[in-house]
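Colleague: Right, I'll just put the structure down here and ask away after.
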Amino acid sequence: MTKHYKTSGTCARSIDIETDENGIIRSVVFNGGCAGNTEGISRLVVGMESHRVADLLRGTDCNMKGTSCPDQLAKALDEMRAENL
(Lines give C-alpha, C1' and ligand atoms only; values in the text may rest on other atoms or scores of the structure.)
Protein backbone atom coordinates (compact mmCIF):
# COMPACT_ATOMS: atom_id res chain seq x y z
CA MET A 1 0.00 0.00 0.00
CA THR A 2 1.24 3.48 -0.76
CA LYS A 3 0.21 6.80 0.72
CA HIS A 4 1.03 10.44 0.04
CA TYR A 5 0.35 12.25 3.32
CA LYS A 6 0.19 16.04 3.46
CA THR A 7 1.74 17.12 6.76
CA SER A 8 0.57 19.91 9.02
CA GLY A 9 2.66 22.08 11.35
CA THR A 10 6.06 20.83 10.22
CA CYS A 11 8.85 21.88 7.88
CA ALA A 12 8.24 18.75 5.81
CA ARG A 13 5.45 19.36 3.31
CA SER A 14 4.45 15.73 2.86
CA ILE A 15 5.47 12.10 3.42
CA ASP A 16 5.38 9.26 0.89
CA ILE A 17 5.01 5.85 2.55
CA GLU A 18 4.99 2.33 1.19
CA THR A 19 4.05 -0.74 3.23
CA ASP A 20 3.57 -4.37 2.28
CA GLU A 21 0.36 -6.34 2.77
CA ASN A 22 1.37 -7.15 6.37
CA GLY A 23 1.93 -3.52 7.37
CA ILE A 24 5.72 -3.74 7.21
CA ILE A 25 7.24 -0.43 6.12
CA ARG A 26 9.11 -0.70 2.82
CA SER A 27 9.99 2.99 2.32
CA VAL A 28 9.41 6.44 3.78
CA VAL A 29 10.33 9.68 2.01
CA PHE A 30 9.85 13.07 3.66
CA ASN A 31 9.42 15.93 1.20
CA GLY A 32 11.09 18.90 2.88
CA GLY A 33 12.10 19.14 6.51
CA CYS A 34 15.52 18.70 8.11
CA ALA A 35 17.21 16.43 5.58
CA GLY A 36 19.49 14.56 7.97
CA ASN A 37 16.81 13.93 10.57
CA THR A 38 14.09 12.88 8.16
CA GLU A 39 16.44 10.62 6.20
CA GLY A 40 17.60 9.05 9.45
CA ILE A 41 14.03 8.38 10.56
CA SER A 42 13.23 6.95 7.14
CA ARG A 43 16.14 4.51 7.28
CA LEU A 44 15.41 3.43 10.85
CA VAL A 45 11.78 2.49 10.25
CA VAL A 46 12.22 0.38 7.09
CA GLY A 47 11.42 -3.24 7.92
CA MET A 48 9.43 -2.36 11.04
CA GLU A 49 5.72 -2.97 11.64
CA SER A 50 3.83 0.24 10.91
CA HIS A 51 1.75 0.09 14.10
CA ARG A 52 4.91 -0.26 16.20
CA VAL A 53 6.50 2.76 14.51
CA ALA A 54 3.33 4.79 15.04
CA ASP A 55 3.28 3.86 18.74
CA LEU A 56 6.93 4.86 19.16
CA LEU A 57 6.72 8.20 17.34
CA ARG A 58 3.21 9.43 18.21
CA GLY A 59 3.30 12.61 20.30
CA THR A 60 6.89 13.61 19.52
CA ASP A 61 7.07 17.41 19.70
CA CYS A 62 9.39 19.83 17.87
CA ASN A 63 10.01 23.26 19.41
CA MET A 64 6.66 23.40 21.23
CA LYS A 65 4.73 23.14 17.92
CA GLY A 66 2.52 20.34 19.20
CA THR A 67 3.75 18.04 16.43
CA SER A 68 6.90 17.06 14.54
CA CYS A 69 7.95 15.12 11.47
CA PRO A 70 8.02 11.86 13.49
CA ASP A 71 4.57 12.65 14.92
CA GLN A 72 3.23 13.37 11.43
CA LEU A 73 4.63 10.02 10.27
CA ALA A 74 2.76 8.33 13.14
CA LYS A 75 -0.46 10.10 12.09
CA ALA A 76 0.03 9.02 8.48
CA LEU A 77 0.62 5.40 9.53
CA ASP A 78 -2.47 5.47 11.77
CA GLU A 79 -4.49 6.77 8.84
CA MET A 80 -3.15 4.03 6.56
CA ARG A 81 -4.09 1.38 9.11
CA ALA A 82 -7.62 2.81 9.49
CA GLU A 83 -8.08 2.80 5.72
CA ASN A 84 -7.19 -0.92 5.59
CA LEU A 85 -9.70 -2.05 8.24
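Following the order of the C-alpha coordinates, first chain is A, next is B, and so on, with residues numbered from 1 inside each chain and ligands from 1 in the order they appear.
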So that I can check the secondary structure, give me every residue of chain A assigned strand (DSSP E) by backbone DSSP, as JSON, numbers by chain.
Modeller: {"A": [2, 3, 4, 5, 6, 12, 13, 14, 15, 16, 17, 18, 19, 25, 26, 27, 28, 29, 30, 31, 32]}
Colleague: Would you please work out which residue, of A:Met1, A:Ser27, A:Val45, A:Thr7, is nearest to Lys75 in chain A when using only C-alpha atoms?
Modeller: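 Going through A:Met1, A:Ser27, A:Val45, A:Thr7 one by one, the smallest distance to Lys75 in chain A is for A:Thr7.
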Colleague: With distances taken over only C-alpha atoms, which of A:Asn37, A:Gly9, A:Lys3, A:Glu79 is nearest to Asp61 in chain A?
Modeller: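 The answer is A:Gly9, which sits nearest to Asp61 in chain A.
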Colleague: Taking into account only C-alpha atoms, which residue in the set A:Cys34, A:Ile17, A:Cys69, A:Leu56 is nearest to Thr2 in chain A?
Modeller: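 The answer is A:Ile17, which sits nearest to Thr2 in chain A.
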Colleague: Could you check which of A:Ser50, A:Cys62, A:Leu77, A:Glu83 is closest to Asn22 in chain A, using only C-alpha atoms?
Modeller: A:Ser50
Colleague: Quick one: residues within 12 Å of Lys65 in chain A, only C-alpha atoms, excluding same-chain residues fewer than 4 positions away - as JSON, numbers by chain?
Modeller: {"A": [8, 9, 10, 11, 59, 60, 61, 69, 71, 72]}
